[in-house]
Amino acid sequence: VEGREKRTSLKRRGGALRVFEACMSGLALLQPQSEILLSITRQVFQDALAFDKNRSGSTNNVSFDIAILACKAIKASSSAEGLVVAVFAQLCLLISSGNSDLRTEAGGLLERVNIAKALSEATTCRDEAERRASEAEKENELLKIALAELRDENRKLQRDIAVFSASSALT
């Protein structure tokens with residue numbers, strides 16, 4: 001009975017891992033820049049790192065299996081650079097994991113992405129965004145000045161209308 005329960009448990013674990021793999025792969029391929037993928041990846045890596053830190057000699061844990069599947073899914077994505085940069089610190093820790101398969105996958109993921117290029121592109125995007133924000137602030141200030149001038153002119157016209165109405169009423 002115990003052997004059958006263990007086989008059933010291993011089958012269920014395998015099934016759950018396949019479901020996770022399919023979902024993670026689909027998400028990494030279809031939405032590689034999504035916040036949900038980043039959140040899941042960070043949690044998966046955090047769990048593997050926590051188990052690795054507290055392990056008692058065991059290198060076979062579902063947390064490792066899930067982290068390995070996550071690395072593979074991300075590696076298969078064509079646009080994973082931003083995600084890899086976002087989890088770079090965790091990947092660096094995972095390459096010193098007690099689980100050799102996880103070390104290999106984390107290292108392969110780091111190897112696949114040109115971190116220097118991704119950081120350079122991110123810096124360029126940030127600089128461009130800052131430039132556009134600065135231009136928008138300048139334009140906003142000019143619009144505030146123009147609005148103040150229009151309000152002053154409107155007040156003058158209102159006074160002129162009031163004076164004209166008052167003089168028309170007298171005649």
# chains A, B, ... in the order shown; residues from 1 in each chain; ligands from 1

call {"tool": "residues_around", "arguments": {"residues": "Ala86 of chain A", "least_positions_apart": "6", "cutoff": "10 Å", "atoms": "only C-alpha atoms", "output": "list of chain:residue names"}}
result
A:Leu38, A:Thr41, A:Arg42, A:Ala80

call {"tool": "write_last_selection", "arguments": {"atoms": "C-alpha atoms", "output": "compact mmCIF listing (two decimals), in the first residue's frame"}}
result
# COMPACT_ATOMS: atom_id res chain seq x y z
CA LEU A 38 8.35 38.57 -13.17
CA THR A 41 9.84 33.98 -11.45
CA ARG A 42 10.99 35.91 -8.39
CA ALA A 80 13.66 37.51 -21.92

call {"tool": "atom_distance", "arguments": {"atom1": "atom CA of Leu29 of chain A", "atom2": "atom CA of Ser77 of chain A"}}
result
5.0 Å

call {"tool": "atom_distance", "arguments": {"atom1": "atom CA of Leu91 of chain A", "atom2": "atom CA of Phe64 of chain A"}}
result
12.8 Å

call {"tool": "residues_around", "arguments": {"residues": "Glu105 of chain A", "least_positions_apart": "5", "cutoff": "7 Å", "atoms": "only C-alpha atoms", "output": "list in words"}}
result
Ile68, Cys71 and Lys72 of chain A

call {"tool": "write_last_selection", "arguments": {"atoms": "N, CA and C atoms", "output": "mmCIF file, in the first residue's frame"}}
result
data_model
loop_
_atom_site.group_PDB
_atom_site.id
_atom_site.type_symbol
_atom_site.label_atom_id
_atom_site.label_comp_id
_atom_site.auth_asym_id
_atom_site.auth_seq_id
_atom_site.Cartn_x
_atom_site.Cartn_y
_atom_site.Cartn_z
ATOM 1 N N ILE A 68 14.064 25.022 -12.072
ATOM 2 C CA ILE A 68 14.685 24.519 -13.309
ATOM 3 C C ILE A 68 13.730 24.715 -14.485
ATOM 4 N N CYS A 71 13.591 28.369 -15.446
ATOM 5 C CA CYS A 71 14.781 28.755 -16.225
ATOM 6 C C CYS A 71 14.652 28.303 -17.674
ATOM 7 N N LYS A 72 14.208 27.081 -17.871
ATOM 8 C CA LYS A 72 14.053 26.549 -19.232
ATOM 9 C C LYS A 72 13.013 27.344 -20.020
#

call {"tool": "closest_residue", "arguments": {"among": "A:Ser63, A:Gln90, A:Thr124, A:Ser165", "to": "Phe20 of chain A", "atoms": "only C-alpha atoms"}}
result
A:Ser63

call {"tool": "select_by_dssp", "arguments": {"residues": "segment 1-92 of chain A", "states": "alpha helix (DSSP H)", "output": "count of residues only"}}
result
75

call {"tool": "atom_distance", "arguments": {"atom1": "atom CA of Ala16 of chain A", "atom2": "atom CA of Ala67 of chain A"}}
result
13.7 Å

call {"tool": "residues_around", "arguments": {"residues": "segment 106-115 of chain A", "least_positions_apart": "4", "cutoff": "7 Å", "atoms": "only C-alpha atoms", "output": "MDAnalysis selection string"}}
result
chainID A and resid 71 75 81 85 91 94:95 102 119

call {"tool": "closest_residue", "arguments": {"among": "A:Ala118, A:Ala146, A:Leu49, A:Leu83", "to": "Gln31 of chain A", "atoms": "only C-alpha atoms"}}
result
A:Leu83

call {"tool": "closest_residue", "arguments": {"among": "A:Asn154, A:Asn140, A:Ser39, A:Ser134", "to": "Ala70 of chain A", "atoms": "only C-alpha atoms"}}
result
A:Ser39
